[in-house]
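Peer 1: First, the structure itself, so that you have it in front of you.
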Amino acid sequence: MQITLDEIETALVTWGNGKIAISKAFEDGGIELARTVASDCLDDYYGYDLGPVLFKPTMASGEQTFRPSRAGAMAYFCGHSTDYPLDKGFAIMGWRAMERITSASFIQGDVAMWMGWIKLTNKDGSVTTVDKSFGYKKDAQGKLRIVLHHSSLPYQP
């Protein structure tokens with residue numbers, strides 16, 4: 001089940017569209033609707049059924065820097081979690097568009113990695129650029145799943 005560059009591109013667009021959908025759900029129906037949409041996104045394209053997902057959010061620190069559990073990713077995307085009190089909800093920040101700029105991709109069979117910049121534009125037109133790496137693996141049904149999600153802010157010397 002060889003992964004293709006087209007599948008990676010589709011996965012990146014799907015991920016970005018998910019963040020936009022979560023933001024719109026939050027604006028339209030509040031935190032519970034945002035959590036429902038985020039839950040669907042996590043189930044649809046992350047590989048938690050394959051094992052721990054190596055998830056390092058952009059704005060996380062201390063003992064909660066790394067989030068191998070689904071609950072940690074949900075808290076980061078939607079905030080409003082007593083277990084992750086510093087999370088403000090990255091996916092509920094009014095996102096309207098996502099652009100991806102590829103640095104490189106690596107593909108070997110049913111495992112692939114992508115690295116580049118993700119630019120997210122919010123409803124006010126402000127753009128946030130993050131350094132992003134994704135690792136993908138195909139599941140038993142041949143669906144591409146995120147098994148590594150690393151994000152950081154660009155270094156500012």
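We name chains A, B, ... following the order of the structure tokens; residues begin at 1 in each chain, and ligands are numbered from 1 as shown.
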I'd like the neighbourhood of Ser105 (chain A) as a ChimeraX atom specification, where a residue qualifies if any of its atoms comes within 10 Å (using only C-alpha atoms), though same-chain residues fewer than 2 positions away should be ignored.
Peer 2: /A:5,8,102-103,107,112-116,133-135
Peer 1: With N, CA and C atoms kept, could you save the residues just selected as a PDB file, in the first residue's frame?
Peer 2:
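Saved the output as out-v4.pdb:
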```pdb
ATOM      1  N   LEU A   5       2.559  11.053  -3.264  1.00  0.00           N
ATOM      2  CA  LEU A   5       2.594  12.488  -2.969  1.00  0.00           C
ATOM      3  C   LEU A   5       1.199  13.093  -3.024  1.00  0.00           C
ATOM      4  N   ILE A   8      -0.498  12.573   0.246  1.00  0.00           N
ATOM      5  CA  ILE A   8       0.009  13.494   1.265  1.00  0.00           C
ATOM      6  C   ILE A   8      -0.618  14.873   1.074  1.00  0.00           C
ATOM      7  N   THR A 102       5.631  23.125   1.095  1.00  0.00           N
ATOM      8  CA  THR A 102       6.407  21.914   1.313  1.00  0.00           C
ATOM      9  C   THR A 102       7.899  22.202   1.266  1.00  0.00           C
ATOM     10  N   SER A 103       8.620  21.707   2.256  1.00  0.00           N
ATOM     11  CA  SER A 103      10.075  21.694   2.217  1.00  0.00           C
ATOM     12  C   SER A 103      10.527  20.376   1.591  1.00  0.00           C
ATOM     13  N   ILE A 107       8.886   9.173   1.455  1.00  0.00           N
ATOM     14  CA  ILE A 107       7.914   8.079   1.345  1.00  0.00           C
ATOM     15  C   ILE A 107       8.673   6.766   1.249  1.00  0.00           C
ATOM     16  N   ALA A 112       5.133   7.614   5.460  1.00  0.00           N
ATOM     17  CA  ALA A 112       5.606   8.827   4.798  1.00  0.00           C
ATOM     18  C   ALA A 112       5.735   9.938   5.827  1.00  0.00           C
ATOM     19  N   MET A 113       6.583  10.913   5.502  1.00  0.00           N
ATOM     20  CA  MET A 113       6.756  12.088   6.337  1.00  0.00           C
ATOM     21  C   MET A 113       6.723  13.328   5.455  1.00  0.00           C
ATOM     22  N   TRP A 114       6.212  14.399   6.013  1.00  0.00           N
ATOM     23  CA  TRP A 114       6.146  15.685   5.321  1.00  0.00           C
ATOM     24  C   TRP A 114       6.645  16.749   6.276  1.00  0.00           C
ATOM     25  N   MET A 115       7.378  17.736   5.719  1.00  0.00           N
ATOM     26  CA  MET A 115       7.862  18.839   6.527  1.00  0.00           C
ATOM     27  C   MET A 115       7.753  20.121   5.716  1.00  0.00           C
ATOM     28  N   GLY A 116       7.307  21.171   6.370  1.00  0.00           N
ATOM     29  CA  GLY A 116       7.204  22.460   5.699  1.00  0.00           C
ATOM     30  C   GLY A 116       6.543  23.474   6.607  1.00  0.00           C
ATOM     31  N   SER A 133       5.731  19.252  10.906  1.00  0.00           N
ATOM     32  CA  SER A 133       6.109  17.936  10.396  1.00  0.00           C
ATOM     33  C   SER A 133       4.958  16.979  10.673  1.00  0.00           C
ATOM     34  N   PHE A 134       4.606  16.202   9.661  1.00  0.00           N
ATOM     35  CA  PHE A 134       3.605  15.152   9.811  1.00  0.00           C
ATOM     36  C   PHE A 134       4.240  13.827   9.415  1.00  0.00           C
ATOM     37  N   GLY A 135       3.912  12.783  10.156  1.00  0.00           N
ATOM     38  CA  GLY A 135       4.248  11.422   9.774  1.00  0.00           C
ATOM     39  C   GLY A 135       2.946  10.695   9.491  1.00  0.00           C
TER      40      GLY A 135
END
```
Peer 1: Neighbouring residues of Glu63 (chain A) were defined as those with any atom within 12 Å, considering only C-alpha atoms; residues of the same chain fewer than 4 positions away were excluded. Please report them as a short mmCIF file (atom, residue, chain, number, x, y, z; two decimals) with N, CA and C atoms, in the first residue's frame.
Peer 2:
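For reference, result_17.cif as written:
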```cif
data_model
loop_
_atom_site.label_atom_id
_atom_site.label_comp_id
_atom_site.auth_asym_id
_atom_site.auth_seq_id
_atom_site.Cartn_x
_atom_site.Cartn_y
_atom_site.Cartn_z
N LYS A 56 3.14 16.85 19.11
CA LYS A 56 3.79 17.95 19.82
C LYS A 56 3.17 19.24 19.31
N ARG A 67 1.99 15.09 23.52
CA ARG A 67 0.61 14.61 23.72
C ARG A 67 0.35 13.31 22.95
N GLY A 72 -5.16 14.50 24.86
CA GLY A 72 -4.23 15.62 24.79
C GLY A 72 -4.40 16.43 23.52
N ASP A 83 -7.78 19.20 32.57
CA ASP A 83 -6.55 18.42 32.56
C ASP A 83 -5.40 19.15 31.86
N TYR A 84 -5.74 20.08 30.98
CA TYR A 84 -4.75 20.86 30.23
C TYR A 84 -5.12 22.35 30.36
N LEU A 86 -3.59 25.15 30.45
CA LEU A 86 -2.91 26.20 29.67
C LEU A 86 -3.38 26.25 28.22
#
```
Peer 1: Compare A:Gly109, A:Tyr136, A:Phe26, A:Glu32 by their minimum atom-to-atom distance to Leu148 (chain A), counting only C-alpha atoms, and give me the closest one.
Peer 2: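 Of all the options, A:Tyr136 lies closest to Leu148 (chain A).
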Peer 1: Out of A:Leu144, A:Ile3, A:Ile118, A:Cys78, which residue has the shortest atom-to-atom distance to Asp43 (chain A) when counting only C-alpha atoms?
Peer 2: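 Counting only C-alpha atoms, the residue closest to Asp43 (chain A) is A:Leu144.
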Peer 1: Considering only C-alpha atoms, return as a list in words whatever protein or nucleic-acid residues lie within 9 Å of region 150-155 of chain A, sequence-local ones (same chain, fewer than 6 positions apart) excluded.
Peer 2: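 Within the cut-off, the hits are Leu54, Phe55, Lys56, Pro57, Thr58, Met59, Thr128, Thr129, Val130, Asp131, Lys132, Ser133, Phe134 and Gly135 of chain A.
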Peer 1: Take the residues that were just selected and, keeping N, CA and C atoms, output them as a PDB file, in the first residue's frame.
Peer 2:
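Result saved to selection.pdb:
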```pdb
ATOM      1  N   LEU A  54       2.413  10.574  17.970  1.00  0.00           N
ATOM      2  CA  LEU A  54       3.475  11.439  18.475  1.00  0.00           C
ATOM      3  C   LEU A  54       3.089  12.871  18.146  1.00  0.00           C
ATOM      4  N   PHE A  55       2.438  13.517  19.095  1.00  0.00           N
ATOM      5  CA  PHE A  55       1.815  14.828  18.888  1.00  0.00           C
ATOM      6  C   PHE A  55       2.527  15.854  19.754  1.00  0.00           C
ATOM      7  N   LYS A  56       3.138  16.851  19.111  1.00  0.00           N
ATOM      8  CA  LYS A  56       3.786  17.951  19.821  1.00  0.00           C
ATOM      9  C   LYS A  56       3.166  19.239  19.312  1.00  0.00           C
ATOM     10  N   PRO A  57       2.242  19.827  20.062  1.00  0.00           N
ATOM     11  CA  PRO A  57       1.580  21.051  19.630  1.00  0.00           C
ATOM     12  C   PRO A  57       2.527  22.251  19.598  1.00  0.00           C
ATOM     13  N   THR A  58       2.106  23.272  18.894  1.00  0.00           N
ATOM     14  CA  THR A  58       2.892  24.497  18.763  1.00  0.00           C
ATOM     15  C   THR A  58       3.102  25.163  20.104  1.00  0.00           C
ATOM     16  N   MET A  59       2.032  25.365  20.837  1.00  0.00           N
ATOM     17  CA  MET A  59       2.099  26.135  22.073  1.00  0.00           C
ATOM     18  C   MET A  59       1.783  25.252  23.272  1.00  0.00           C
ATOM     19  N   THR A 128      -0.869  33.158  10.793  1.00  0.00           N
ATOM     20  CA  THR A 128       0.052  32.502  11.710  1.00  0.00           C
ATOM     21  C   THR A 128       0.791  31.430  10.922  1.00  0.00           C
ATOM     22  N   THR A 129       2.121  31.500  10.938  1.00  0.00           N
ATOM     23  CA  THR A 129       2.943  30.513  10.243  1.00  0.00           C
ATOM     24  C   THR A 129       3.606  29.623  11.274  1.00  0.00           C
ATOM     25  N   VAL A 130       3.505  28.308  11.062  1.00  0.00           N
ATOM     26  CA  VAL A 130       4.143  27.351  11.958  1.00  0.00           C
ATOM     27  C   VAL A 130       5.015  26.403  11.148  1.00  0.00           C
ATOM     28  N   ASP A 131       6.110  25.978  11.774  1.00  0.00           N
ATOM     29  CA  ASP A 131       6.936  24.912  11.224  1.00  0.00           C
ATOM     30  C   ASP A 131       6.212  23.616  11.567  1.00  0.00           C
ATOM     31  N   LYS A 132       6.012  22.768  10.565  1.00  0.00           N
ATOM     32  CA  LYS A 132       5.176  21.591  10.788  1.00  0.00           C
ATOM     33  C   LYS A 132       5.838  20.354  10.190  1.00  0.00           C
ATOM     34  N   SER A 133       5.731  19.252  10.906  1.00  0.00           N
ATOM     35  CA  SER A 133       6.109  17.936  10.396  1.00  0.00           C
ATOM     36  C   SER A 133       4.958  16.979  10.673  1.00  0.00           C
ATOM     37  N   PHE A 134       4.606  16.202   9.661  1.00  0.00           N
ATOM     38  CA  PHE A 134       3.605  15.152   9.811  1.00  0.00           C
ATOM     39  C   PHE A 134       4.240  13.827   9.415  1.00  0.00           C
ATOM     40  N   GLY A 135       3.912  12.783  10.156  1.00  0.00           N
ATOM     41  CA  GLY A 135       4.248  11.422   9.774  1.00  0.00           C
ATOM     42  C   GLY A 135       2.946  10.695   9.491  1.00  0.00           C
TER      43      GLY A 135
END
```
Peer 1: My list of candidates is A:Ala75, A:Val53, A:Ala21, A:Ala11. Which is closest to Val147 (chain A) when distances are computed with only C-alpha atoms?
Peer 2: A:Val53
Peer 1: So which one's closest to Glu27 (chain A), A:Lys88, A:Arg70, A:Arg100, A:Lys123? Using only C-alpha atoms, please.
Peer 2: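 Once distances to Glu27 (chain A) are computed over only C-alpha atoms, the minimum belongs to A:Lys123.
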Peer 1: Have a look at A:Leu42, A:Ala104, A:Leu50, A:Val127 and name the one nearest to Lys19 (chain A); count only C-alpha atoms.
Peer 2: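 For Lys19 (chain A), the nearest of the candidates is A:Leu42.
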Peer 1: Any chance you could list, as an NGL selection string, the residues in region 11-93 of chain A that come up alpha helix (DSSP H) when DSSP is run on the backbone?
Peer 2: :A and (11-45 or 70-78)
Peer 1: So which residues touch Gly79 (chain A) within 12 Å, counting only C-alpha atoms, skipping near sequence neighbours fewer than 5 positions away, as a list of chain:residue names?
Peer 2: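 Listed by chain and then number, they are A:Ile22, A:Ser23, A:Phe26, A:Gly30, A:Ile31, A:Glu32, A:Ala34, A:Arg35, A:Ala38, A:Met59, A:Ala60, A:Ala71, A:Gly72, A:Ala73, A:Met74, A:Tyr84, A:Pro85, A:Leu86, A:Asp87, A:Lys88, A:Gly89, A:Phe90, A:Ala91, A:Ile92, A:Met93.
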Peer 1: Take the selection from the previous step and output its residues with C-alpha atoms, as a PDB file, in the first residue's frame.
Peer 2:
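Listed below is the output, result_8.pdb:
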```
ATOM      1  CA  ILE A  22     -13.625  23.336  14.138  1.00  0.00           C
ATOM      2  CA  SER A  23     -13.291  27.133  14.228  1.00  0.00           C
ATOM      3  CA  PHE A  26     -17.112  26.972  17.749  1.00  0.00           C
ATOM      4  CA  GLY A  30     -19.931  26.926  21.051  1.00  0.00           C
ATOM      5  CA  ILE A  31     -17.487  24.548  22.636  1.00  0.00           C
ATOM      6  CA  GLU A  32     -19.663  21.426  22.536  1.00  0.00           C
ATOM      7  CA  ALA A  34     -16.429  22.379  18.330  1.00  0.00           C
ATOM      8  CA  ARG A  35     -15.602  19.272  20.376  1.00  0.00           C
ATOM      9  CA  ALA A  38     -12.776  17.993  16.526  1.00  0.00           C
ATOM     10  CA  MET A  59       2.099  26.135  22.073  1.00  0.00           C
ATOM     11  CA  ALA A  60       2.610  23.521  24.765  1.00  0.00           C
ATOM     12  CA  ALA A  71      -7.372  13.475  24.967  1.00  0.00           C
ATOM     13  CA  GLY A  72      -4.235  15.621  24.791  1.00  0.00           C
ATOM     14  CA  ALA A  73      -4.861  16.454  21.139  1.00  0.00           C
ATOM     15  CA  MET A  74      -8.526  17.253  21.826  1.00  0.00           C
ATOM     16  CA  TYR A  84      -4.749  20.864  30.232  1.00  0.00           C
ATOM     17  CA  PRO A  85      -5.440  24.273  31.803  1.00  0.00           C
ATOM     18  CA  LEU A  86      -2.912  26.197  29.671  1.00  0.00           C
ATOM     19  CA  ASP A  87      -4.559  25.168  26.386  1.00  0.00           C
ATOM     20  CA  LYS A  88      -6.546  27.982  24.795  1.00  0.00           C
ATOM     21  CA  GLY A  89      -7.859  25.952  21.862  1.00  0.00           C
ATOM     22  CA  PHE A  90      -5.660  26.300  18.791  1.00  0.00           C
ATOM     23  CA  ALA A  91      -8.410  25.079  16.455  1.00  0.00           C
ATOM     24  CA  ILE A  92     -11.032  27.538  17.740  1.00  0.00           C
ATOM     25  CA  MET A  93      -9.075  30.664  16.800  1.00  0.00           C
TER      26      MET A  93
END
```
Peer 1: Using only C-alpha atoms, find the one residue out of A:Gln64, A:Ala25, A:Glu99, A:Val111 that sits nearest to Ile146 (chain A).
Peer 2: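 Ranking A:Gln64, A:Ala25, A:Glu99, A:Val111 by distance to Ile146 (chain A), first place goes to A:Val111.
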